[in-house]
Amino acid sequence: MRETKAAWRGCTTGHGSPASVLVEEASSGCGVSAAMPVSLRALRQLAVFWGVMSTGGGSLMYYLLQKRFQGSEFYQQSVRALEEHTESMTALGAPPLRTHLLHLRDTTNNHVDALSAKLAIPVSGQHARGFLRSSSSRTEPKERWEMQEVVLCLGNGSCISILRKAEGSEE
C-alpha cells in the first residue's frame with residue numbers, strides 16, 4: 001500500500017527551482033521517494049488566472065442582476081410614471097432621461113421580495129439628478145405589481161410626488 005504526502009520546502013530542489021512544492025511518494029518500508037516540483041511561477045499564474053476568473057464572474061453576476069431589475073415590471077412602471085409626469089421631467093431637464101445602475105448594497109432603499117418591492121433608482125437629466133423612489137406591492141406572487149408610491153427626490157433636497165395611492169383605495 002502506498003501513501004502520498006505533500007511537504008513544503010523553502011530551499012532549492014535538485015532541479016534548481018527555488019521554493020518549489022515537493023510531493024513525496026513513500027512506500028512502506030522501502031524508503032523510495034520521487035519529487036515532482038511545481039515552480040513558484042506556475043503557482044503565480046494559477047493564482048492570477050483564478051483571480052481574473054473570480055473578478056469576471058462577480059462582474060458578470062452584478063451586470064445580470066442589474067439587467068434583471070431593469071427588466072422587471074415594478075421598475076418599468078416607476079420609470080414610465082416619471083416619464084409621464086411633466087413637472088418631474090422639467091425639474092430634471094429631461095428628455096433625455098438617463099437611469100443609472102442601482103446601488104445593490106443599499107438594502108434599506110432597494111428591497112424586493114415576493115409581495116413587495118421598494119427601489120431607489122438613480123436618474124438624471126440635463127439639469128439635475130436624483131433618485132426615483134418607488135414602492136410597489138401585490139397580494140399574490142403571480143399577480144401584477146401595483147404601484148403604491150413614486151417620488152422623485154432631487155439632489156438639492158426637494159422631492160416631487162409623482163404618485164401616491166391612498167390607503168384602502170382600489171383602482
# chains A, B, ... in the order shown; residues from 1 in each chain; ligands from 1
call {"tool": "closest_atom_pairs", "arguments": {"of": "segment 69-128 of chain A", "to": "segment 157-165 of chain A", "cutoff": "7 Å", "atoms": "only C-alpha atoms", "output": "JSON lines"}}
result
{"residue": "A:Leu82", "atom": "CA", "partner": "A:Ile162", "partner_atom": "CA", "distance": 6.9}
{"residue": "A:His85", "atom": "CA", "partner": "A:Ile162", "partner_atom": "CA", "distance": 6.6}
{"residue": "A:Ser88", "atom": "CA", "partner": "A:Ile160", "partner_atom": "CA", "distance": 6.7}
call {"tool": "write_last_selection", "arguments": {"atoms": "C-alpha atoms", "output": "PDB file, in the first residue's frame"}}
result
ATOM      1  CA  LEU A  82     -41.710  59.529 -14.168  1.00  0.00           C
ATOM      2  CA  HIS A  85     -45.018  63.403 -15.154  1.00  0.00           C
ATOM      3  CA  SER A  88     -40.589  65.988 -12.729  1.00  0.00           C
TER       4      SER A  88
END
call {"tool": "closest_residue", "arguments": {"among": "A:Glu140, A:Ala94, A:Asn110, A:Leu104", "to": "Val123 of chain A", "atoms": "only C-alpha atoms"}}
result
A:Ala94
call {"tool": "select_by_dssp", "arguments": {"residues": "segment 16-155 of chain A", "states": "strand (DSSP E)", "output": "PyMOL selection string"}}
result
chain A and resi 21-27+98-99+111-112+116-124+129-137+146-154
call {"tool": "write_last_selection", "arguments": {"atoms": "N, CA and C atoms", "output": "tab-separated table (two decimals), in the first residue's frame"}}
result
chain	number	residue	atom	x	y	z
A	21	VAL	N	7.29	23.17	-4.61
A	21	VAL	CA	6.48	22.25	-3.81
A	21	VAL	C	6.88	20.84	-4.20
A	22	LEU	N	7.15	20.05	-3.22
A	22	LEU	CA	7.53	18.66	-3.48
A	22	LEU	C	6.43	17.72	-3.03
A	23	VAL	N	6.17	16.77	-3.85
A	23	VAL	CA	5.25	15.71	-3.47
A	23	VAL	C	6.08	14.44	-3.36
A	24	GLU	N	6.11	13.92	-2.19
A	24	GLU	CA	6.92	12.72	-1.98
A	24	GLU	C	6.01	11.50	-1.89
A	25	GLU	N	6.40	10.51	-2.62
A	25	GLU	CA	5.69	9.24	-2.52
A	25	GLU	C	6.57	8.29	-1.73
A	26	ALA	N	6.05	7.83	-0.67
A	26	ALA	CA	6.83	6.92	0.16
A	26	ALA	C	6.11	5.58	0.24
A	27	SER	N	6.83	4.55	-0.05
A	27	SER	CA	6.23	3.23	0.10
A	27	SER	C	6.60	2.73	1.49
A	98	ARG	N	-31.95	59.73	-18.15
A	98	ARG	CA	-31.00	58.63	-18.02
A	98	ARG	C	-31.21	57.94	-16.68
A	99	THR	N	-31.32	56.63	-16.72
A	99	THR	CA	-31.36	55.84	-15.49
A	99	THR	C	-29.99	55.22	-15.31
A	111	HIS	N	-35.14	46.92	-1.94
A	111	HIS	CA	-35.54	45.65	-1.35
A	111	HIS	C	-36.71	45.08	-2.15
A	112	VAL	N	-36.58	43.82	-2.54
A	112	VAL	CA	-37.65	43.15	-3.29
A	112	VAL	C	-37.87	41.78	-2.68
A	116	SER	N	-43.63	42.54	-2.18
A	116	SER	CA	-43.37	43.98	-2.13
A	116	SER	C	-42.03	44.31	-2.79
A	117	ALA	N	-41.97	45.51	-3.34
A	117	ALA	CA	-40.74	45.99	-3.97
A	117	ALA	C	-40.55	47.45	-3.61
A	118	LYS	N	-39.35	47.78	-3.19
A	118	LYS	CA	-39.01	49.15	-2.83
A	118	LYS	C	-37.68	49.46	-3.50
A	119	LEU	N	-37.66	50.49	-4.37
A	119	LEU	CA	-36.45	50.82	-5.12
A	119	LEU	C	-36.12	52.30	-5.02
A	120	ALA	N	-34.84	52.61	-5.11
A	120	ALA	CA	-34.35	53.98	-5.27
A	120	ALA	C	-33.52	53.96	-6.55
A	121	ILE	N	-34.12	54.38	-7.65
A	121	ILE	CA	-33.49	54.32	-8.97
A	121	ILE	C	-32.76	55.63	-9.22
A	122	PRO	N	-31.44	55.61	-9.40
A	122	PRO	CA	-30.72	56.85	-9.73
A	122	PRO	C	-31.10	57.31	-11.14
A	123	VAL	N	-31.52	58.58	-11.26
A	123	VAL	CA	-31.91	59.15	-12.55
A	123	VAL	C	-31.22	60.50	-12.72
A	124	SER	N	-31.07	60.92	-13.97
A	124	SER	CA	-30.52	62.24	-14.24
A	124	SER	C	-31.05	62.76	-15.56
A	129	ARG	N	-30.00	65.78	-11.06
A	129	ARG	CA	-30.01	64.33	-10.85
A	129	ARG	C	-30.63	64.04	-9.49
A	130	GLY	N	-31.05	62.81	-9.31
A	130	GLY	CA	-31.68	62.44	-8.05
A	130	GLY	C	-32.04	60.97	-8.04
A	131	PHE	N	-32.96	60.63	-7.15
A	131	PHE	CA	-33.41	59.25	-7.01
A	131	PHE	C	-34.91	59.18	-7.22
A	132	LEU	N	-35.33	58.22	-8.00
A	132	LEU	CA	-36.75	57.93	-8.18
A	132	LEU	C	-37.08	56.84	-7.17
A	133	ARG	N	-37.75	57.21	-6.10
A	133	ARG	CA	-38.08	56.26	-5.03
A	133	ARG	C	-39.48	55.72	-5.29
A	134	SER	N	-39.57	54.40	-5.39
A	134	SER	CA	-40.86	53.79	-5.69
A	134	SER	C	-41.14	52.63	-4.75
A	135	SER	N	-42.42	52.42	-4.54
A	135	SER	CA	-42.87	51.33	-3.69
A	135	SER	C	-44.02	50.64	-4.42
A	136	SER	N	-43.94	49.33	-4.58
A	136	SER	CA	-44.98	48.55	-5.26
A	136	SER	C	-45.31	47.33	-4.42
A	137	SER	N	-46.51	46.81	-4.64
A	137	SER	CA	-46.91	45.60	-3.90
A	137	SER	C	-47.87	44.78	-4.75
A	146	GLU	N	-48.59	46.50	-8.32
A	146	GLU	CA	-49.39	47.72	-8.21
A	146	GLU	C	-48.55	48.77	-7.49
A	147	MET	N	-48.33	49.91	-8.15
A	147	MET	CA	-47.52	50.97	-7.56
A	147	MET	C	-48.27	51.61	-6.39
A	148	GLN	N	-47.59	51.77	-5.29
A	148	GLN	CA	-48.17	52.42	-4.11
A	148	GLN	C	-47.73	53.88	-4.04
A	149	GLU	N	-46.45	54.12	-4.34
A	149	GLU	CA	-45.92	55.48	-4.23
A	149	GLU	C	-44.71	55.62	-5.14
A	150	VAL	N	-44.64	56.78	-5.82
A	150	VAL	CA	-43.47	57.11	-6.64
A	150	VAL	C	-43.14	58.57	-6.34
A	151	VAL	N	-41.90	58.82	-5.91
A	151	VAL	CA	-41.46	60.17	-5.55
A	151	VAL	C	-40.09	60.40	-6.17
A	152	LEU	N	-39.90	61.58	-6.78
A	152	LEU	CA	-38.60	61.97	-7.31
A	152	LEU	C	-37.93	62.87	-6.28
A	153	CYS	N	-36.80	62.44	-5.74
A	153	CYS	CA	-36.03	63.25	-4.79
A	153	CYS	C	-34.79	63.75	-5.51
A	154	LEU	N	-34.70	65.06	-5.68
A	154	LEU	CA	-33.59	65.68	-6.41
A	154	LEU	C	-32.39	65.89	-5.49
call {"tool": "residues_around", "arguments": {"residues": "His127 of chain A", "least_positions_apart": "6", "cutoff": "9 Å", "atoms": "only C-alpha atoms", "output": "PDB file with C-alpha atoms, in the first residue's frame"}}
result
ATOM      1  CA  THR A  90     -38.860  69.582 -16.361  1.00  0.00           C
ATOM      2  CA  ALA A  91     -37.072  69.628 -12.971  1.00  0.00           C
ATOM      3  CA  LEU A  92     -34.551  67.062 -14.235  1.00  0.00           C
ATOM      4  CA  GLY A  93     -34.064  68.836 -17.561  1.00  0.00           C
ATOM      5  CA  ALA A  94     -35.216  65.792 -19.449  1.00  0.00           C
TER       6      ALA A  94
END
call {"tool": "residues_around", "arguments": {"residues": "segment 64-72 of chain A", "least_positions_apart": "3", "cutoff": "7 Å", "atoms": "only C-alpha atoms", "output": "VMD selection string"}}
result
chain A and resid 60 to 61 75 to 76 101 to 102
call {"tool": "select_by_dssp", "arguments": {"residues": "segment 24-128 of chain A", "states": "helix (DSSP H, G or I)", "output": "VMD selection string"}}
result
chain A and resid 40 to 70 73 to 84 86 to 92
